[in-house]
$ cat final_5.txt   # compact mmCIF, C-alpha atoms
# COMPACT_ATOMS: atom_id res chain seq x y z
CA MET A 1 143.70 -13.65 140.15
CA ASN A 2 142.72 -13.58 136.48
CA LYS A 3 145.18 -13.86 133.60
CA LYS A 4 144.96 -10.17 132.77
CA ASN A 5 146.14 -9.09 136.23
CA ARG A 6 148.84 -11.75 136.60
CA ARG A 7 152.30 -10.33 136.08
CA THR A 8 154.90 -12.66 134.73
CA ILE A 9 158.17 -12.61 136.62
CA ARG A 10 160.85 -12.38 133.96
CA ARG A 11 164.52 -12.89 134.41
CA SER A 12 166.52 -9.81 133.54
CA THR A 13 168.89 -10.42 130.64
CA SER A 14 171.92 -8.46 129.54
CA GLN A 15 170.22 -7.83 126.18
CA ARG A 16 167.10 -6.41 127.86
CA LYS A 17 169.24 -4.17 130.07
CA LEU A 18 171.05 -2.79 127.00
CA VAL A 19 167.76 -2.18 125.16
CA LEU A 20 166.26 -0.39 128.16
CA GLU A 21 169.42 1.70 128.56
CA ALA A 22 169.22 2.73 124.88
CA VAL A 23 165.56 3.77 125.25
CA ARG A 24 166.31 5.73 128.43
CA ASN A 25 169.32 7.51 126.91
CA GLY A 26 167.77 8.12 123.49
CA ASN A 27 165.15 10.55 122.34
CA HIS A 28 162.10 8.55 121.23
CA LEU A 29 164.11 6.12 119.15
CA SER A 30 162.77 3.59 116.65
CA ALA A 31 163.49 -0.14 117.01
CA ARG A 32 166.01 0.13 114.16
CA GLU A 33 167.85 3.02 115.88
CA ILE A 34 167.90 1.06 119.16
CA PHE A 35 169.23 -1.99 117.30
CA VAL A 36 172.13 0.04 115.87
CA LEU A 37 173.04 1.42 119.33
CA VAL A 38 172.90 -1.88 121.23
CA SER A 39 174.68 -3.82 118.47
CA GLN A 40 177.70 -1.58 118.96
CA LYS A 41 177.92 -2.78 122.58
CA LYS A 42 176.86 -6.40 122.17
CA PRO A 43 176.07 -8.33 119.00
CA MET A 44 172.38 -9.28 118.82
CA SER A 45 169.75 -9.71 116.15
CA PHE A 46 167.06 -7.19 115.31
CA GLY A 47 164.52 -9.82 116.42
CA THR A 48 166.10 -9.94 119.88
CA VAL A 49 165.94 -6.15 120.17
CA TYR A 50 162.32 -6.04 119.00
CA ARG A 51 161.26 -8.91 121.30
CA ASN A 52 162.87 -7.14 124.27
CA LEU A 53 161.11 -3.88 123.38
CA GLN A 54 157.80 -5.76 123.45
CA ILE A 55 158.62 -7.32 126.83
CA LEU A 56 159.68 -3.97 128.30
CA GLU A 57 156.43 -2.42 127.08
CA GLU A 58 154.34 -5.29 128.50
CA ASP A 59 156.15 -4.87 131.83
CA GLY A 60 155.42 -1.13 131.89
CA GLU A 61 159.07 -0.07 131.64
CA ILE A 62 158.59 1.80 128.36
CA ILE A 63 155.78 2.98 126.10
CA SER A 64 155.52 2.95 122.33
CA ILE A 65 154.50 6.02 120.39
CA GLN A 66 153.08 5.86 116.89
CA THR A 67 152.93 9.12 114.98
CA ASP A 68 153.62 7.46 111.64
CA PRO A 69 151.49 4.45 110.61
CA SER A 70 154.58 2.40 109.77
CA LEU A 71 156.92 3.34 112.64
CA LEU A 72 156.86 2.91 116.40
CA ARG A 73 159.16 4.90 118.64
CA TYR A 74 159.92 4.13 122.28
CA ASP A 75 159.91 6.28 125.40
CA SER A 76 160.93 5.41 128.95
CA GLN A 77 159.23 8.34 130.66
CA GLN A 78 156.81 6.72 133.12
CA CYS A 79 154.41 9.60 133.72
CA ARG A 80 151.70 10.36 131.19
CA HIS A 81 152.67 13.17 128.85
CA TYR A 82 152.10 14.57 125.38
CA HIS A 83 154.40 14.67 122.39
CA LEU A 84 155.41 16.98 119.56
CA HIS A 85 156.04 15.35 116.17
CA CYS A 86 158.01 17.13 113.47
CA LYS A 87 156.36 16.42 110.13
CA LYS A 88 159.58 17.11 108.24
CA CYS A 89 162.37 15.24 110.07
CA GLY A 90 160.13 12.81 111.98
CA LYS A 91 161.67 13.49 115.41
CA ILE A 92 159.49 13.31 118.50
CA PHE A 93 159.85 15.59 121.50
CA ASP A 94 158.15 15.68 124.90
CA MET A 95 155.54 18.44 125.17
CA PRO A 96 156.18 20.58 128.26
CA ILE A 97 152.55 20.84 129.39
CA ALA A 98 150.84 18.80 132.09
CA TYR A 99 148.77 15.71 131.27
CA ARG A 100 145.07 16.58 131.62
CA GLU A 101 143.39 13.77 133.61
CA LYS A 102 140.11 15.69 133.39
CA PHE A 103 140.00 14.77 129.67
CA ASP A 104 139.79 11.09 130.71
CA ARG A 105 136.93 11.76 133.13
CA GLU A 106 135.05 13.97 130.67
CA ALA A 107 135.43 11.44 127.84
CA ALA A 108 134.23 8.64 130.14
CA GLU A 109 131.16 10.63 131.23
CA LYS A 110 130.18 11.58 127.69
CA SER A 111 130.92 8.22 126.01
CA GLY A 112 130.20 5.62 128.67
CA PHE A 113 133.66 4.13 128.01
CA ALA A 114 135.94 3.11 130.86
CA ILE A 115 138.85 5.36 129.88
CA ASP A 116 142.35 4.31 130.96
CA PHE A 117 144.24 7.21 129.43
CA HIS A 118 144.48 9.38 126.33
CA SER A 119 147.39 10.33 124.14
CA ILE A 120 147.89 13.50 122.18
CA SER A 121 150.60 14.21 119.65
CA PHE A 122 151.00 17.73 118.29
CA GLU A 123 152.18 17.99 114.66
CA GLY A 124 154.34 20.73 113.23
CA LEU A 125 157.93 21.71 112.48
CA CYS A 126 160.74 21.55 115.06
CA HIS A 127 163.14 24.47 115.53
CA ASP A 128 165.81 22.97 113.26
CA CYS A 129 163.36 22.35 110.42
CA GLN A 130 161.89 25.86 110.79
CA ASP A 131 165.40 27.32 110.48
CA GLU A 132 165.97 25.40 107.22
CA GLN A 133 163.01 27.06 105.54
$ encode --input "final_5.txt" --output "structure tokens"
Amino acid sequence: MNKKNRRTIRRSTSQRKLVLEAVRNGNHLSAREIFVLVSQKKPMSFGTVYRNLQILEEDGEIISIQTDPSLLRYDSQQCRHYHLHCKKCGKIFDMPIAYREKFDREAAEKSGFAIDFHSISFEGLCHDCQDEQ
């Protein structure tokens, strides 16, 4: 087995459980937002929260979403899906349309790349921000 396919067995920690719970219960939260939530339940540093987010992502428990060049948000939904990003308030929402695996196959055929997946984020204004205008 090569290094890339070897999965590290990690011991589950109370901090990691709290971080995962915050991601699962939140709506595409940033590391800072997750830090605020978990710190209310158990004191821990921002570094501990961020390190656990990285581990959870490496282990396939969560994914990171980057719609802003300076901010990652985290999602626990395991199936591939698209996102909506509000340009005004910055919130991210799940897009209620099916993931199109045919895009992966088509891109692979036309480019020669071995495509693992694609990600699409739609930009616009959420309902709340539309109502404010």
$ axis_aligned_box --input "final_5.txt" --around "stretch 41-60 of chain A" --padding-each-side "3 Å" --output "JSON"
{"center_x": 166.1, "center_y": -5.5, "center_z": 123.6, "size_x": 29.6, "size_y": 14.8, "size_z": 22.6}
$ atom_distance --input "final_5.txt" --atom1 "atom CA of A:Lys17" --atom2 "atom CA of A:Asn52"
9.1 Å
$ residues_around --input "final_5.txt" --residues "stretch 78-89 of chain A" --least-positions-apart "3" --cutoff "10 Å" --atoms "only C-alpha atoms" --output "number ranges by chain"
A: 28, 60-63, 65-68, 75, 92-101, 117-130
$ atom_distance --input "final_5.txt" --atom1 "atom CA of A:Asn25" --atom2 "atom CA of A:Leu53"
14.5 Å
$ residues_around --input "final_5.txt" --residues "A:Gln54" --least-positions-apart "2" --cutoff "12 Å" --atoms "all atoms listed in the file" --output "list in words"
Arg16, Val19, Leu20, Ala31, Gly47, Thr48, Val49, Tyr50, Arg51, Asn52, Leu56, Glu57, Glu58, Asp59, Gly60, Glu61, Ile62, Ile63, Ser64, Leu72, Arg73 and Tyr74 of chain A
$ residues_around --input "final_5.txt" --residues "A:Arg105" --least-positions-apart "6" --cutoff "10 Å" --atoms "all atoms listed in the file" --output "list in words"
Ser111, Phe113, Ala114, Ile115, Asp116 and Phe117 of chain A
$ write_last_selection --input "final_5.txt" --atoms "C-alpha atoms" --output "JSON list (two decimals), keeping the file's coordinate frame"
[["chain", "number", "residue", "atom", "x", "y", "z"],
["A", 111, "SER", "CA", 130.92, 8.22, 126.01],
["A", 113, "PHE", "CA", 133.66, 4.13, 128.01],
["A", 114, "ALA", "CA", 135.94, 3.11, 130.86],
["A", 115, "ILE", "CA", 138.85, 5.36, 129.88],
["A", 116, "ASP", "CA", 142.35, 4.31, 130.96],
["A", 117, "PHE", "CA", 144.24, 7.21, 129.43]]
$ build_atoms --input "final_5.txt" --residues "stretch 80-91 of chain A" --atoms "all heavy atoms" --output "compact mmCIF listing (two decimals), keeping the file's coordinate frame"
# COMPACT_ATOMS: atom_id res chain seq x y z
N ARG A 80 152.45 10.03 132.41
CA ARG A 80 151.70 10.36 131.19
C ARG A 80 152.11 11.74 130.72
O ARG A 80 152.25 12.67 131.52
CB ARG A 80 150.20 10.34 131.48
CG ARG A 80 149.69 9.01 131.99
CD ARG A 80 149.20 8.20 130.85
NE ARG A 80 148.62 6.97 131.35
CZ ARG A 80 148.90 5.80 130.84
NH1 ARG A 80 149.72 5.68 129.84
NH2 ARG A 80 148.35 4.72 131.32
N HIS A 81 152.28 11.88 129.42
CA HIS A 81 152.67 13.17 128.85
C HIS A 81 152.35 13.19 127.36
O HIS A 81 152.04 12.17 126.77
CB HIS A 81 154.16 13.45 129.09
CG HIS A 81 155.08 12.45 128.46
ND1 HIS A 81 155.26 11.18 128.96
CD2 HIS A 81 155.88 12.53 127.38
CE1 HIS A 81 156.13 10.52 128.21
NE2 HIS A 81 156.52 11.33 127.23
N TYR A 82 152.40 14.37 126.79
CA TYR A 82 152.10 14.57 125.38
C TYR A 82 153.39 14.70 124.58
O TYR A 82 154.46 14.88 125.14
CB TYR A 82 151.24 15.82 125.20
CG TYR A 82 149.97 15.79 126.00
CD1 TYR A 82 149.69 16.78 126.93
CD2 TYR A 82 149.04 14.77 125.83
CE1 TYR A 82 148.52 16.76 127.67
CE2 TYR A 82 147.87 14.74 126.58
CZ TYR A 82 147.62 15.74 127.50
OH TYR A 82 146.47 15.72 128.22
N HIS A 83 153.24 14.61 123.27
CA HIS A 83 154.40 14.67 122.39
C HIS A 83 154.22 15.67 121.26
O HIS A 83 153.10 15.98 120.86
CB HIS A 83 154.68 13.28 121.79
CG HIS A 83 155.10 12.30 122.80
ND1 HIS A 83 154.24 11.38 123.35
CD2 HIS A 83 156.30 12.11 123.40
CE1 HIS A 83 154.90 10.66 124.23
NE2 HIS A 83 156.14 11.07 124.29
N LEU A 84 155.34 16.14 120.76
CA LEU A 84 155.41 16.98 119.56
C LEU A 84 156.07 16.14 118.47
O LEU A 84 157.09 15.48 118.73
CB LEU A 84 156.28 18.21 119.82
CG LEU A 84 155.81 19.14 120.93
CD1 LEU A 84 156.97 19.91 121.51
CD2 LEU A 84 154.78 20.09 120.36
N HIS A 85 155.51 16.14 117.29
CA HIS A 85 156.04 15.35 116.17
C HIS A 85 156.35 16.29 115.02
O HIS A 85 155.48 16.99 114.52
CB HIS A 85 155.01 14.31 115.74
CG HIS A 85 155.41 13.55 114.52
ND1 HIS A 85 154.60 13.46 113.42
CD2 HIS A 85 156.52 12.85 114.23
CE1 HIS A 85 155.21 12.73 112.49
NE2 HIS A 85 156.37 12.35 112.96
N CYS A 86 157.62 16.30 114.61
CA CYS A 86 158.01 17.13 113.47
C CYS A 86 157.65 16.40 112.19
O CYS A 86 158.12 15.29 111.94
CB CYS A 86 159.52 17.44 113.51
SG CYS A 86 160.02 18.47 112.11
N LYS A 87 156.82 17.03 111.38
CA LYS A 87 156.36 16.42 110.13
C LYS A 87 157.46 16.33 109.08
O LYS A 87 157.37 15.53 108.17
CB LYS A 87 155.18 17.20 109.55
CG LYS A 87 153.95 17.16 110.43
CD LYS A 87 152.72 17.75 109.80
CE LYS A 87 152.93 19.13 109.25
NZ LYS A 87 151.73 19.73 108.69
N LYS A 88 158.52 17.12 109.24
CA LYS A 88 159.58 17.11 108.24
C LYS A 88 160.66 16.08 108.56
O LYS A 88 160.95 15.21 107.75
CB LYS A 88 160.19 18.50 108.09
CG LYS A 88 161.22 18.59 106.98
CD LYS A 88 161.67 20.01 106.74
CE LYS A 88 162.67 20.06 105.59
NZ LYS A 88 163.21 21.40 105.42
N CYS A 89 161.26 16.14 109.74
CA CYS A 89 162.37 15.24 110.07
C CYS A 89 161.91 13.98 110.80
O CYS A 89 162.66 13.02 110.91
CB CYS A 89 163.44 15.95 110.90
SG CYS A 89 162.93 16.40 112.57
N GLY A 90 160.68 13.98 111.31
CA GLY A 90 160.13 12.81 111.98
C GLY A 90 160.48 12.67 113.45
O GLY A 90 160.03 11.74 114.11
N LYS A 91 161.29 13.59 113.99
CA LYS A 91 161.67 13.49 115.41
C LYS A 91 160.46 13.73 116.30
O LYS A 91 159.52 14.44 115.93
CB LYS A 91 162.77 14.50 115.74
CG LYS A 91 164.09 14.16 115.12
CD LYS A 91 165.14 15.19 115.51
CE LYS A 91 166.47 14.89 114.82
NZ LYS A 91 167.44 15.97 115.02
